[in-house]
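Below is one structure; the comments refer to it alone.
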Amino acid sequence: PAYRTGRRKDRSKRNQWIGIAASLLLIISIGYYFNWFQSNLNVEANAIVSNNLKIYPVHLGEDKSNLKEAIHLYNEQQYEKSSLIAMNILKENPNDAEGLKILGLAQMQLKAYDEAINTFAQLDKQNELITNPAKYYMALAHLVRNQKDDELKGKELLEIVLKENLPGKQEAIKLLE
């Protein structure tokens with residue numbers, strides 16, 4: 001009979017749409033699993049690194065000519081050259097806080113996030129500094145790198161920045177909103 005053919009067509013179309021919806025849901029789930037879709041936190045951290053960390057503040061009266069050169073090159077967006085000079089500074093004095101900051105920031109601009117995280121971890125060990133932005137910079141590097149568990153690690157570091165009133169606190173507040 002003709003009425004049975006119509007039901008089969010309706011079921012066939014319905015099953016086809018269910019299949020399409022299930023496929024889309026699967027693709028979206030896989031995308032989130034592999035971080036194909038950037039989180040809002042990752043996008044905001046990228047904006048900070050791209051826009052707010054392009055210029056390194058010059059300290060007046062700084063007498064280290066190598067450091068001045070590294071800062072100048074960093075501010076000229078010559079990150080590779082800046083990082084090479086910073087590495088030379090660190091060969092002479094592995095605990096030079098300004099050398100570590102310049103190197104880590106240059107590594108972040110060069111998208112060498114693993115190296116930047118390691119450099120900022122070295123800086124973080126320096127307890128004698130009055131202000132130490134290492135945790136904030138490490139948080140940004142994790143958020144921008146955006147690998148498995150990086151968002152969680154970045155958030156944890158930002159919460160420490162807030163709790164301990166560390167440099168980067170105002171930006172951390174905005175990122176965690």
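Identifiers in this document derive from the order of the structure tokens: chains are assigned A, B, ..., residues are numbered from 1 separately in each chain, and ligands are numbered from 1 in order of occurrence.
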(message) Neighbouring residues of region 86-98 of chain A were defined as those with any atom within 9 Å, considering only C-alpha atoms; residues of the same chain fewer than 5 positions away were excluded. Please report them as number ranges by chain.
(response) A: 66-67, 70-71, 81, 103, 122-123, 126, 129, 132
(message) Run DSSP on the backbone and tell me which residues of region 57-148 of chain A come out as alpha helix (DSSP H); list them as a PyMOL selection string.
(response) chain A and resi 65-75+79-92+97-109+113-124+134-145
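For the residues A:Gln16, A:Gln107, A:Thr119, A:Asn40, ranking by smallest atom-to-atom distance to Gln78 (chain A) using only C-alpha atoms places A:Gln107 first.
As for CA of Lys163 (chain A) and CA of Lys111 (chain A), they are spaced 28.3 Å apart.
By only C-alpha atoms, and with residues fewer than 3 positions from Thr131 (chain A) along its chain excluded, the set lying at most 9 Å from it is Glu128, Leu166 and Pro167 of chain A.
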(request) Have a look at A:His142, A:Lys155, A:Arg14, A:Lys135 and name the one nearest to Leu176 (chain A); count only C-alpha atoms. (result) A:Lys155
(request) Determine, counting only C-alpha atoms, which protein, DNA and RNA residues have an atom within 10 Å of an atom of Asp150 (chain A); residues of the same chain fewer than 5 positions away are not included. Present the result as a PyMOL selection string. (result) chain A and resi 42+139-145+155-156
Output of the above residues as a PDB file, in the first residue's frame, restricted to C-alpha atoms:
```pdb
ATOM      1  CA  ASN A  42      43.391  31.423  25.936  1.00  0.00           C
ATOM      2  CA  ALA A 139      50.346  31.660  33.897  1.00  0.00           C
ATOM      3  CA  LEU A 140      50.271  33.530  30.585  1.00  0.00           C
ATOM      4  CA  ALA A 141      52.719  31.086  28.996  1.00  0.00           C
ATOM      5  CA  HIS A 142      50.551  28.130  30.059  1.00  0.00           C
ATOM      6  CA  LEU A 143      47.357  29.787  28.837  1.00  0.00           C
ATOM      7  CA  VAL A 144      48.864  30.733  25.492  1.00  0.00           C
ATOM      8  CA  ARG A 145      50.556  27.348  24.987  1.00  0.00           C
ATOM      9  CA  LYS A 155      44.222  29.547  36.449  1.00  0.00           C
ATOM     10  CA  GLU A 156      45.966  28.132  39.534  1.00  0.00           C
TER      11      GLU A 156
END
```
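Our summary of the geometry notes that CA of Ala116 (chain A) is positioned 8.6 Å from CA of Tyr137 (chain A).
Atom pair CA of Asn118 (chain A) / CA of Ile102 (chain A) has a distance of 13.2 Å (rounded to one decimal).
In terms of minimum interatomic distance to Gln147 (chain A), A:Asp114 ranks closest within A:Asp114, A:Ser83, A:Ala134, A:Tyr56, counting only C-alpha atoms.
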